[in-house]
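Trainee: My file is data-v2.cif. It has mmCIF, C-alpha atoms:
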```
data_entry
#
loop_
_atom_site.group_PDB
_atom_site.id
_atom_site.type_symbol
_atom_site.label_atom_id
_atom_site.label_comp_id
_atom_site.auth_asym_id
_atom_site.auth_seq_id
_atom_site.Cartn_x
_atom_site.Cartn_y
_atom_site.Cartn_z
ATOM 1 C CA MET A 21 17.410 -14.231 54.490
ATOM 2 C CA THR A 22 20.878 -12.817 55.267
ATOM 3 C CA VAL A 23 22.280 -10.095 53.020
ATOM 4 C CA LYS A 24 26.064 -9.816 52.636
ATOM 5 C CA PHE A 25 28.304 -7.281 50.931
ATOM 6 C CA THR A 26 30.262 -9.285 48.352
ATOM 7 C CA ASP A 27 33.188 -8.659 46.015
ATOM 8 C CA GLN A 28 30.645 -8.384 43.195
ATOM 9 C CA ASP A 29 28.879 -5.625 45.127
ATOM 10 C CA ARG A 30 32.199 -3.778 45.424
ATOM 11 C CA LYS A 31 32.667 -4.076 41.646
ATOM 12 C CA LEU A 32 29.230 -2.541 41.133
ATOM 13 C CA VAL A 33 30.202 0.357 43.395
ATOM 14 C CA ILE A 34 33.446 0.877 41.443
ATOM 15 C CA GLN A 35 31.521 0.895 38.159
ATOM 16 C CA GLU A 36 29.130 3.510 39.541
ATOM 17 C CA LEU A 37 32.031 5.676 40.759
ATOM 18 C CA GLU A 38 33.689 5.382 37.344
ATOM 19 C CA LYS A 39 30.498 6.702 35.720
ATOM 20 C CA ILE A 40 30.362 9.609 38.163
ATOM 21 C CA GLN A 41 34.078 10.485 37.912
ATOM 22 C CA GLN A 42 34.480 9.613 34.228
ATOM 23 C CA VAL A 43 37.783 7.884 34.973
ATOM 24 C CA LYS A 44 39.095 4.345 35.347
ATOM 25 C CA ILE A 45 39.570 3.229 38.966
ATOM 26 C CA GLU A 46 42.062 0.477 39.799
ATOM 27 C CA GLN A 47 42.482 -1.645 42.926
ATOM 28 C CA ILE A 48 45.636 -1.218 44.992
ATOM 29 C CA LYS A 49 46.399 -4.850 45.766
ATOM 30 C CA PRO A 50 46.360 -6.718 48.049
ATOM 31 C CA SER A 51 43.847 -4.387 49.734
ATOM 32 C CA ARG A 52 40.186 -5.005 48.933
ATOM 33 C CA LYS A 53 39.165 -1.503 50.045
ATOM 34 C CA LEU A 54 41.790 0.826 48.598
ATOM 35 C CA PHE A 55 41.661 2.086 44.995
ATOM 36 C CA LYS A 56 43.257 4.811 42.879
ATOM 37 C CA ASP A 57 42.364 6.498 39.581
ATOM 38 C CA ALA A 58 44.519 7.835 36.732
ATOM 39 C CA ASN A 59 44.433 11.321 38.269
ATOM 40 C CA GLY A 60 46.073 10.103 41.461
ATOM 41 C CA ILE A 61 42.910 10.293 43.553
ATOM 42 C CA PHE A 62 42.532 7.566 46.188
ATOM 43 C CA TYR A 63 39.223 5.872 46.991
ATOM 44 C CA LEU A 64 38.839 4.163 50.343
ATOM 45 C CA ILE A 65 35.695 2.063 49.887
ATOM 46 C CA SER A 66 34.044 0.486 52.919
ATOM 47 C CA GLY A 67 30.948 -1.570 52.162
ATOM 48 C CA GLY A 68 28.537 -3.586 54.251
ATOM 49 C CA THR A 69 25.018 -4.217 55.454
ATOM 50 C CA GLU A 70 25.560 -3.113 59.052
ATOM 51 C CA ASP A 71 26.248 0.352 60.458
ATOM 52 C CA TRP A 72 29.785 -0.426 61.642
ATOM 53 C CA HIS A 73 32.890 -0.712 59.433
ATOM 54 C CA GLY A 74 36.542 -1.551 59.927
ATOM 55 C CA ILE A 75 39.755 -0.290 58.314
ATOM 56 C CA ASN A 76 42.936 -2.297 58.897
ATOM 57 C CA ALA A 77 46.256 -0.835 60.015
ATOM 58 C CA ASN A 78 47.998 -1.428 56.664
ATOM 59 C CA ILE A 79 45.585 0.855 54.803
ATOM 60 C CA MET A 80 46.000 3.612 57.374
ATOM 61 C CA GLU A 81 49.772 3.296 57.088
ATOM 62 C CA GLN A 82 49.616 3.597 53.282
ATOM 63 C CA LEU A 83 47.537 6.751 53.522
ATOM 64 C CA LYS A 84 49.333 8.495 56.386
ATOM 65 C CA ASP A 85 51.142 10.965 54.098
ATOM 66 C CA LEU A 86 48.178 11.614 51.794
ATOM 67 C CA ASN A 87 48.231 15.262 50.654
ATOM 68 C CA LYS A 88 45.862 15.190 47.681
ATOM 69 C CA GLU A 89 42.125 15.416 48.221
ATOM 70 C CA SER A 90 40.662 11.937 47.798
ATOM 71 C CA ALA A 91 37.399 10.115 48.429
ATOM 72 C CA PHE A 92 36.155 8.296 51.499
ATOM 73 C CA ILE A 93 33.307 6.037 50.312
ATOM 74 C CA VAL A 94 30.708 4.127 52.317
ATOM 75 C CA ALA A 95 28.479 1.670 50.432
ATOM 76 C CA LYS A 96 25.401 0.558 52.386
ATOM 77 C CA LYS A 97 23.759 -2.583 51.020
ATOM 78 C CA TYR A 98 20.074 -3.382 51.442
ATOM 79 C CA GLN A 99 17.940 -6.209 50.104
ATOM 80 C CA THR A 100 17.016 -4.217 47.003
ATOM 81 C CA ARG A 101 19.780 -1.636 46.520
ATOM 82 C CA ILE A 102 23.169 -0.220 47.466
ATOM 83 C CA ASP A 103 23.403 3.432 48.560
ATOM 84 C CA ILE A 104 26.769 5.158 47.995
ATOM 85 C CA PHE A 105 28.029 7.976 50.233
ATOM 86 C CA ALA A 106 31.165 10.091 49.801
ATOM 87 C CA GLY A 107 33.206 12.361 52.043
ATOM 88 C CA SER A 108 36.729 13.758 52.276
ATOM 89 C CA LEU A 109 39.372 11.068 52.795
ATOM 90 C CA ILE A 110 41.856 13.614 54.150
ATOM 91 C CA GLU A 111 39.263 14.768 56.699
ATOM 92 C CA PHE A 112 38.586 11.152 57.657
ATOM 93 C CA LEU A 113 42.315 10.553 58.244
ATOM 94 C CA ARG A 114 42.610 13.732 60.320
ATOM 95 C CA ASN A 115 39.990 12.332 62.695
ATOM 96 C CA LYS A 116 41.326 8.772 62.889
ATOM 97 C CA ASP A 117 42.304 9.141 66.550
ATOM 98 C CA LYS A 118 38.631 9.610 67.413
ATOM 99 C CA LEU A 119 37.755 6.211 65.930
ATOM 100 C CA VAL A 120 37.631 2.938 67.852
ATOM 101 C CA LYS A 121 41.100 1.342 67.867
ATOM 102 C CA THR A 122 41.272 -2.460 67.566
ATOM 103 C CA GLN A 123 43.818 -4.784 69.214
ATOM 104 C CA LYS A 124 45.487 -5.328 65.837
ATOM 105 C CA GLY A 125 45.965 -1.624 65.234
ATOM 106 C CA GLY A 126 43.005 -1.178 62.925
ATOM 107 C CA TYR A 127 40.109 1.231 63.268
ATOM 108 C CA GLN A 128 36.339 0.879 63.540
ATOM 109 C CA PHE A 129 33.592 3.428 63.057
ATOM 110 C CA HIS A 130 29.798 3.511 63.045
ATOM 111 C CA CYS A 131 27.633 5.261 60.459
ATOM 112 C CA VAL A 132 24.454 7.162 61.310
ATOM 113 C CA LEU A 133 22.071 7.729 58.380
ATOM 114 C CA THR A 134 20.440 11.139 58.187
ATOM 115 C CA GLY A 135 18.596 12.869 55.360
ATOM 116 C CA LYS A 136 20.527 12.381 52.127
ATOM 117 C CA GLY A 137 23.760 11.388 53.804
ATOM 118 C CA LEU A 138 25.432 10.006 56.896
ATOM 119 C CA TYR A 139 27.869 11.001 59.609
ATOM 120 C CA LEU A 140 30.189 8.985 61.819
ATOM 121 C CA GLU A 141 29.009 8.339 65.344
ATOM 122 C CA GLU A 142 32.573 8.842 66.580
ATOM 123 C CA VAL A 143 33.077 12.071 64.573
ATOM 124 C CA ASN A 144 29.784 13.964 64.568
ATOM 125 C CA ASP A 145 30.947 16.781 62.288
ATOM 126 C CA PHE A 146 32.285 14.453 59.571
ATOM 127 C CA TYR A 147 29.530 14.204 56.951
ATOM 128 C CA CYS A 148 29.197 12.121 53.781
ATOM 129 C CA ASN A 149 26.691 12.980 51.069
ATOM 130 C CA GLU A 150 24.738 10.360 49.138
ATOM 131 C CA ILE A 151 26.142 10.434 45.597
ATOM 132 C CA GLY A 152 24.632 7.359 43.977
ATOM 133 C CA ARG A 153 22.334 4.372 44.229
ATOM 134 C CA ILE A 154 22.470 0.942 42.632
ATOM 135 C CA GLU A 155 19.074 -0.710 42.239
ATOM 136 C CA PHE A 156 18.971 -4.491 42.008
ATOM 137 C CA PRO A 157 16.755 -6.017 39.288
ATOM 138 C CA ASP A 158 13.547 -7.755 40.332
ATOM 139 C CA ASP A 159 14.129 -11.352 41.306
ATOM 140 C CA LYS A 160 12.151 -13.926 39.301
ATOM 141 C CA LYS A 161 11.673 -15.855 42.545
ATOM 142 C CA HIS A 162 9.359 -13.048 43.659
ATOM 143 C CA PHE A 163 6.925 -13.903 40.845
ATOM 144 C CA ASN A 164 7.177 -17.604 41.612
ATOM 145 C CA ARG A 165 6.260 -16.875 45.217
ATOM 146 C CA LEU A 166 3.319 -14.719 44.110
ATOM 147 C CA LYS A 167 2.096 -17.637 42.034
ATOM 148 C CA ASP A 168 2.389 -20.024 44.985
ATOM 149 C CA ILE A 169 0.616 -17.610 47.327
ATOM 150 C CA SER A 170 -2.169 -17.069 44.783
ATOM 151 C CA LYS A 171 -2.910 -20.784 44.759
ATOM 152 C CA ILE A 172 -3.225 -20.835 48.538
ATOM 153 C CA ILE A 173 -5.214 -17.591 48.770
ATOM 154 C CA ASN A 174 -7.742 -18.829 46.246
ATOM 155 C CA ILE A 175 -8.709 -21.904 48.208
ATOM 156 C CA GLU A 176 -12.458 -21.679 48.707
ATOM 157 C CA ILE A 177 -13.406 -21.182 52.351
ATOM 158 C CA GLN A 178 -16.869 -22.226 53.502
ATOM 159 C CA ASP A 179 -18.706 -19.335 55.126
ATOM 160 C CA ASP A 180 -20.025 -21.508 57.947
ATOM 161 C CA VAL A 181 -16.610 -22.909 58.925
ATOM 162 C CA PRO A 182 -15.414 -21.274 62.171
ATOM 163 C CA LEU A 183 -11.868 -19.963 61.828
ATOM 164 C CA SER A 184 -9.244 -20.793 64.418
ATOM 165 C CA HIS A 185 -6.549 -18.483 65.777
ATOM 166 C CA SER A 186 -4.074 -20.103 63.358
ATOM 167 C CA ASP A 187 -6.428 -19.590 60.386
ATOM 168 C CA ILE A 188 -6.604 -15.864 61.132
ATOM 169 C CA GLN A 189 -2.816 -15.684 61.475
ATOM 170 C CA ALA A 190 -2.579 -17.509 58.130
ATOM 171 C CA LYS A 191 -4.750 -14.857 56.457
ATOM 172 C CA LEU A 192 -2.506 -12.098 57.796
ATOM 173 C CA LEU A 193 0.623 -13.920 56.625
ATOM 174 C CA LEU A 194 -0.817 -14.513 53.160
ATOM 175 C CA ILE A 195 -1.957 -10.914 52.753
ATOM 176 C CA GLY A 196 1.410 -9.590 53.918
ATOM 177 C CA SER A 197 3.387 -11.913 51.665
ATOM 178 C CA TYR A 198 1.248 -11.077 48.650
ATOM 179 C CA LEU A 199 1.783 -7.357 49.296
ATOM 180 C CA ASN A 200 5.539 -8.067 49.226
ATOM 181 C CA TYR A 201 6.151 -7.695 52.947
ATOM 182 C CA ARG A 202 8.465 -10.074 54.714
ATOM 183 C CA THR A 203 6.308 -11.920 57.230
ATOM 184 C CA TYR A 204 6.965 -13.614 60.565
ATOM 185 C CA THR A 205 5.054 -15.449 63.270
ATOM 186 C CA PRO A 206 6.393 -17.156 66.398
ATOM 187 C CA ASP A 207 3.843 -19.967 65.915
ATOM 188 C CA GLN A 208 5.798 -21.724 63.173
ATOM 189 C CA SER A 209 4.623 -25.243 64.021
ATOM 190 C CA LYS A 210 0.899 -24.453 64.215
ATOM 191 C CA LYS A 211 -1.296 -25.510 61.315
ATOM 192 C CA SER A 212 -4.102 -23.715 59.526
ATOM 193 C CA GLU A 213 -6.717 -26.353 58.787
ATOM 194 C CA VAL A 214 -8.457 -24.028 56.333
ATOM 195 C CA PHE A 215 -5.361 -23.605 54.170
ATOM 196 C CA GLN A 216 -3.857 -26.997 55.018
ATOM 197 C CA LYS A 217 -0.459 -25.453 55.704
ATOM 198 C CA THR A 218 1.697 -24.909 58.756
ATOM 199 C CA LEU A 219 2.341 -21.267 59.513
ATOM 200 C CA SER A 220 6.048 -21.806 58.830
ATOM 201 C CA GLU A 221 5.083 -22.648 55.237
ATOM 202 C CA LEU A 222 3.144 -19.400 54.911
ATOM 203 C CA CYS A 223 5.597 -16.883 56.379
ATOM 204 C CA THR A 224 8.772 -15.731 54.644
ATOM 205 C CA GLU A 225 10.962 -15.473 57.767
ATOM 206 C CA LYS A 226 11.852 -18.294 60.124
ATOM 207 C CA LYS A 227 13.269 -15.800 62.621
ATOM 208 C CA ILE A 228 13.238 -12.050 63.214
ATOM 209 C CA PRO A 229 15.416 -10.338 60.544
ATOM 210 C CA GLU A 230 18.869 -9.638 61.974
ATOM 211 C CA GLY A 231 19.644 -6.069 62.948
ATOM 212 C CA ALA A 232 16.092 -4.874 62.362
ATOM 213 C CA ILE A 233 15.036 -4.512 65.982
ATOM 214 C CA PRO A 234 16.928 -3.274 69.073
ATOM 215 C CA ALA A 235 17.978 -6.150 71.322
ATOM 216 C CA MET A 236 15.826 -4.936 74.216
ATOM 217 C CA SER A 237 12.678 -5.162 72.070
ATOM 218 C CA ILE A 238 13.287 -8.577 70.509
ATOM 219 C CA GLU A 239 12.069 -10.515 73.552
ATOM 220 C CA THR A 240 8.667 -8.840 73.180
ATOM 221 C CA VAL A 241 8.517 -8.717 69.391
ATOM 222 C CA LYS A 242 9.157 -12.421 68.958
ATOM 223 C CA PHE A 243 5.859 -13.204 70.707
ATOM 224 C CA ILE A 244 3.660 -10.919 68.571
ATOM 225 C CA ASP A 245 1.189 -13.069 66.599
ATOM 226 C CA VAL A 246 2.140 -11.725 63.141
ATOM 227 C CA ILE A 247 4.657 -9.086 62.038
ATOM 228 C CA TRP A 248 5.252 -7.608 58.594
ATOM 229 C CA PHE A 249 8.667 -6.219 57.658
ATOM 230 C CA ASP A 250 9.694 -4.097 54.703
ATOM 231 C CA GLU A 251 12.226 -5.363 52.167
ATOM 232 C CA GLU A 252 15.122 -4.088 54.273
ATOM 233 C CA GLY A 253 13.946 -5.990 57.342
ATOM 234 C CA TYR A 254 12.444 -3.134 59.373
ATOM 235 C CA PRO A 255 9.129 -3.920 61.121
ATOM 236 C CA THR A 256 6.150 -1.990 59.752
ATOM 237 C CA HIS A 257 2.963 -3.718 61.010
ATOM 238 C CA ALA A 258 2.276 -5.780 64.138
ATOM 239 C CA PHE A 259 -0.913 -7.841 64.618
ATOM 240 C CA GLU A 260 -2.267 -9.356 67.811
ATOM 241 C CA VAL A 261 -5.091 -11.821 67.188
ATOM 242 C CA GLU A 262 -7.395 -11.903 70.219
ATOM 243 C CA HIS A 263 -9.478 -14.926 69.318
ATOM 244 C CA THR A 264 -10.000 -16.381 72.771
ATOM 245 C CA THR A 265 -7.509 -14.378 74.836
ATOM 246 C CA ASP A 266 -7.837 -11.070 76.673
ATOM 247 C CA VAL A 267 -7.508 -7.956 74.498
ATOM 248 C CA THR A 268 -5.612 -6.244 77.335
ATOM 249 C CA LYS A 269 -2.729 -8.703 77.021
ATOM 250 C CA GLY A 270 -2.507 -8.036 73.295
ATOM 251 C CA LEU A 271 -2.468 -4.271 73.866
ATOM 252 C CA LEU A 272 0.285 -4.660 76.452
ATOM 253 C CA ARG A 273 2.505 -6.615 74.047
ATOM 254 C CA LEU A 274 1.986 -3.985 71.373
ATOM 255 C CA TYR A 275 2.592 -1.160 73.845
ATOM 256 C CA GLN A 276 6.012 -2.583 74.679
ATOM 257 C CA ILE A 277 7.143 -2.182 71.041
ATOM 258 C CA HIS A 278 5.538 1.194 70.253
ATOM 259 C CA LYS A 279 8.941 2.931 70.119
ATOM 260 C CA LEU A 280 9.644 1.011 66.910
ATOM 261 C CA ARG A 281 7.137 3.347 65.199
ATOM 262 C CA ILE A 282 5.234 0.313 63.967
ATOM 263 C CA LYS A 283 1.514 0.223 63.077
ATOM 264 C CA MET A 284 -0.214 -1.761 65.834
ATOM 265 C CA PHE A 285 -3.379 -3.805 65.208
ATOM 266 C CA ILE A 286 -5.754 -5.783 67.368
ATOM 267 C CA ILE A 287 -7.705 -8.334 65.309
ATOM 268 C CA ALA A 288 -10.753 -9.689 67.116
ATOM 269 C CA ASP A 289 -14.485 -10.371 66.986
ATOM 270 C CA GLU A 290 -16.677 -7.257 66.716
ATOM 271 C CA ASN A 291 -18.026 -7.996 70.217
ATOM 272 C CA THR A 292 -14.560 -7.137 71.558
ATOM 273 C CA ARG A 293 -14.549 -3.591 70.149
ATOM 274 C CA ASP A 294 -16.258 -2.022 73.170
ATOM 275 C CA LYS A 295 -13.710 -3.521 75.541
ATOM 276 C CA PHE A 296 -10.883 -2.374 73.244
ATOM 277 C CA ASN A 297 -12.296 1.177 73.308
ATOM 278 C CA ARG A 298 -12.423 1.110 77.132
ATOM 279 C CA GLU A 299 -8.940 -0.346 77.557
ATOM 280 C CA VAL A 300 -7.146 2.186 75.335
ATOM 281 C CA LEU A 301 -8.428 4.945 77.640
ATOM 282 C CA LYS A 302 -6.551 3.404 80.581
ATOM 283 C CA ASN A 303 -2.910 3.715 81.541
ATOM 284 C CA PRO A 304 -0.456 3.103 79.990
ATOM 285 C CA PHE A 305 -2.342 2.850 76.671
ATOM 286 C CA ILE A 306 -4.073 6.243 76.763
ATOM 287 C CA LYS A 307 -0.868 8.054 75.724
ATOM 288 C CA LEU A 308 -0.974 6.066 72.479
ATOM 289 C CA LYS A 309 -4.709 5.533 72.102
ATOM 290 C CA ASN A 310 -4.786 6.793 68.517
ATOM 291 C CA GLU A 311 -1.954 4.497 67.502
ATOM 292 C CA PHE A 312 -3.811 1.276 68.320
ATOM 293 C CA ILE A 313 -6.049 0.072 65.501
ATOM 294 C CA PHE A 314 -8.949 -2.347 65.952
ATOM 295 C CA LYS A 315 -10.140 -4.473 63.038
ATOM 296 C CA ASN A 316 -12.794 -7.170 63.286
ATOM 297 C CA TYR A 317 -12.817 -10.481 61.446
ATOM 298 C CA ASN A 318 -15.182 -9.218 58.753
ATOM 299 C CA GLU A 319 -12.914 -6.275 57.999
ATOM 300 C CA LEU A 320 -9.949 -8.629 57.764
ATOM 301 C CA ASP A 321 -11.929 -10.904 55.475
ATOM 302 C CA ASP A 322 -12.870 -7.960 53.227
ATOM 303 C CA PHE A 323 -9.184 -7.140 52.910
ATOM 304 C CA PHE A 324 -8.378 -10.796 52.250
ATOM 305 C CA GLN A 325 -11.080 -11.025 49.568
ATOM 306 C CA SER A 326 -9.785 -7.907 47.825
ATOM 307 C CA VAL A 327 -6.290 -9.428 47.676
ATOM 308 C CA LYS A 328 -7.838 -12.683 46.462
ATOM 309 C CA ILE A 329 -9.633 -10.910 43.603
ATOM 310 C CA PHE A 330 -6.540 -8.916 42.697
ATOM 311 C CA SER A 331 -4.391 -12.064 42.692
ATOM 312 C CA LYS A 332 -6.722 -13.708 40.168
ATOM 313 C CA PHE A 333 -6.530 -10.732 37.827
ATOM 314 C CA GLN A 334 -2.752 -10.486 38.271
ATOM 315 C CA VAL A 335 -2.241 -14.154 37.422
ATOM 316 C CA GLN A 336 -4.473 -13.845 34.361
ATOM 317 C CA PHE A 337 -2.935 -10.607 33.122
ATOM 318 C CA LEU A 338 0.737 -11.466 33.741
ATOM 319 C CA ASN A 339 0.184 -15.101 32.796
ATOM 320 C CA PHE A 340 2.445 -16.514 35.497
#
```
Can you give me the file's structure in the form of structure tokens?

Mentor:
Amino acid sequence: MTVKFTDQDRKLVIQELEKIQQVKIEQIKPSRKLFKDANGIFYLISGGTEDWHGINANIMEQLKDLNKESAFIVAKKYQTRIDIFAGSLIEFLRNKDKLVKTQKGGYQFHCVLTGKGLYLEEVNDFYCNEIGRIEFPDDKKHFNRLKDISKIINIEIQDDVPLSHSDIQAKLLLIGSYLNYRTYTPDQSKKSEVFQKTLSELCTEKKIPEGAIPAMSIETVKFIDVIWFDEEGYPTHAFEVEHTTDVTKGLLRLYQIHKLRIKMFIIADENTRDKFNREVLKNPFIKLKNEFIFKNYNELDDFFQSVKIFSKFQVQFLNF
């Protein structure tokens, strides 16, 4: 699910700036990033989904003699919105020699989000304030997916049927998806016999969302049994299902990703709780002992049943 900053997104940003400035803003062709309003104010608009941006040499040449205060704009696009930040264009140009120079004479810079604004990694004292936000309307596909998940969730499960490792992963994927998390498992080809679906059919992501996790952590993260991500692709919950394996191995995998500030769960039979409680008091886990959460299968099932009941009421009430 790759998000890109499109020409339509740039038009939305222009429309928002026109509302704020109460003036018509026109493109300076052929540039896609440079604009000017009727008052002679320039707008250099750099948009994207990543933290780095590029400005070509032609734009810098056009602006080299700028002597009227103008606007340096960064538009950061997420899955659900675009945040708009503004700073001084003259100040940006004054600091251009601190930026990364490309072989073609252009410039690159990296944005660091902080509070209600951002600064440039290359120019720490150059700050842009957040001045606007564009919210995207809810996608109808979201409701269609809820409907599909509801059908799967509401399959009747016999109490005496022993659940496999894949069945437990399936429950976690279904719960996460229904709660509007983006969900991932490395075990895409495995099948849940209870739900009669492969895990790839139950999760929303076929691979780890791009840019969400530092490269050094990906090799560990991609082996976690189930991960939930927020709408922007940042990991929020990690689950290790210790059905037949050693709880220590699950704790170790979770420990290796604790710097992501992610909620870390061990899901296992109640008989495993005592061992879990002993292991978290050992090195290296003891430093994070309160950050590891143990839930047994009954607790997971209670959560699953509550989502199941809610899904029935939601389908009936919203009639989808």

Trainee: Would you kindly translate the PyMOL selection byres ((chain A and resi 140-146) around 7) into the concrete residues it picks from this file, as an MDAnalysis selection string?

Mentor: chainID A and resid 118:119 129:132 138:139 147:148

Trainee: Have a look at atom CA of Ser331 of chain A and atom CA of Gln189 of chain A and let me know their distance in Å, one decimal.

Mentor: 19.2 Å

Trainee: Restricting the calculation to all atoms listed in the file: of A:Glu81, A:Glu155, A:Glu221, A:Asp322, which residue gets closest to Glu36 of chain A?

Mentor: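 Using all atoms listed in the file, the shortest distance to Glu36 of chain A belongs to A:Glu155.
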
Trainee: Rounded to one decimal in Å, what is the spacing between atom CA of Ala91 of chain A and atom CA of Tyr63 of chain A?

Mentor: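 Atom CA of Tyr63 of chain A lies 4.8 Å from atom CA of Ala91 of chain A.
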
Trainee: When you look at Ile277 of chain A with a cut-off of 9 Å (counting only C-alpha atoms), what residues show up, excluding the ones that are within fewer than 4 positions of it in the same chain? I need them as a list in words.

Mentor: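 Close residues of Ile277 of chain A: Ser237, Ile238, Thr240, Val241, Arg273, Arg281 and Ile282 of chain A.
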
Trainee: List, as an MDAnalysis selection string, every residue that the PyMOL selection byres ((chain A and resi 247-251) around 7) selects in the file provided.

Mentor: chainID A and resid 99 196 201:205 244:246 252:259

Trainee: List the spatial neighbours of Lys88 of chain A as JSON, numbers by chain - criterion: any atom at most 9 Å away, only C-alpha atoms, same-chain residues fewer than 6 positions off excluded.

Mentor: {"A": [60, 61, 62, 110]}

Trainee: Using atom CA of Leu194 of chain A and atom CA of Phe337 of chain A as the two end points, give the distance in Å to one decimal.

Mentor: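 Atom CA of Phe337 of chain A lies 20.5 Å from atom CA of Leu194 of chain A.
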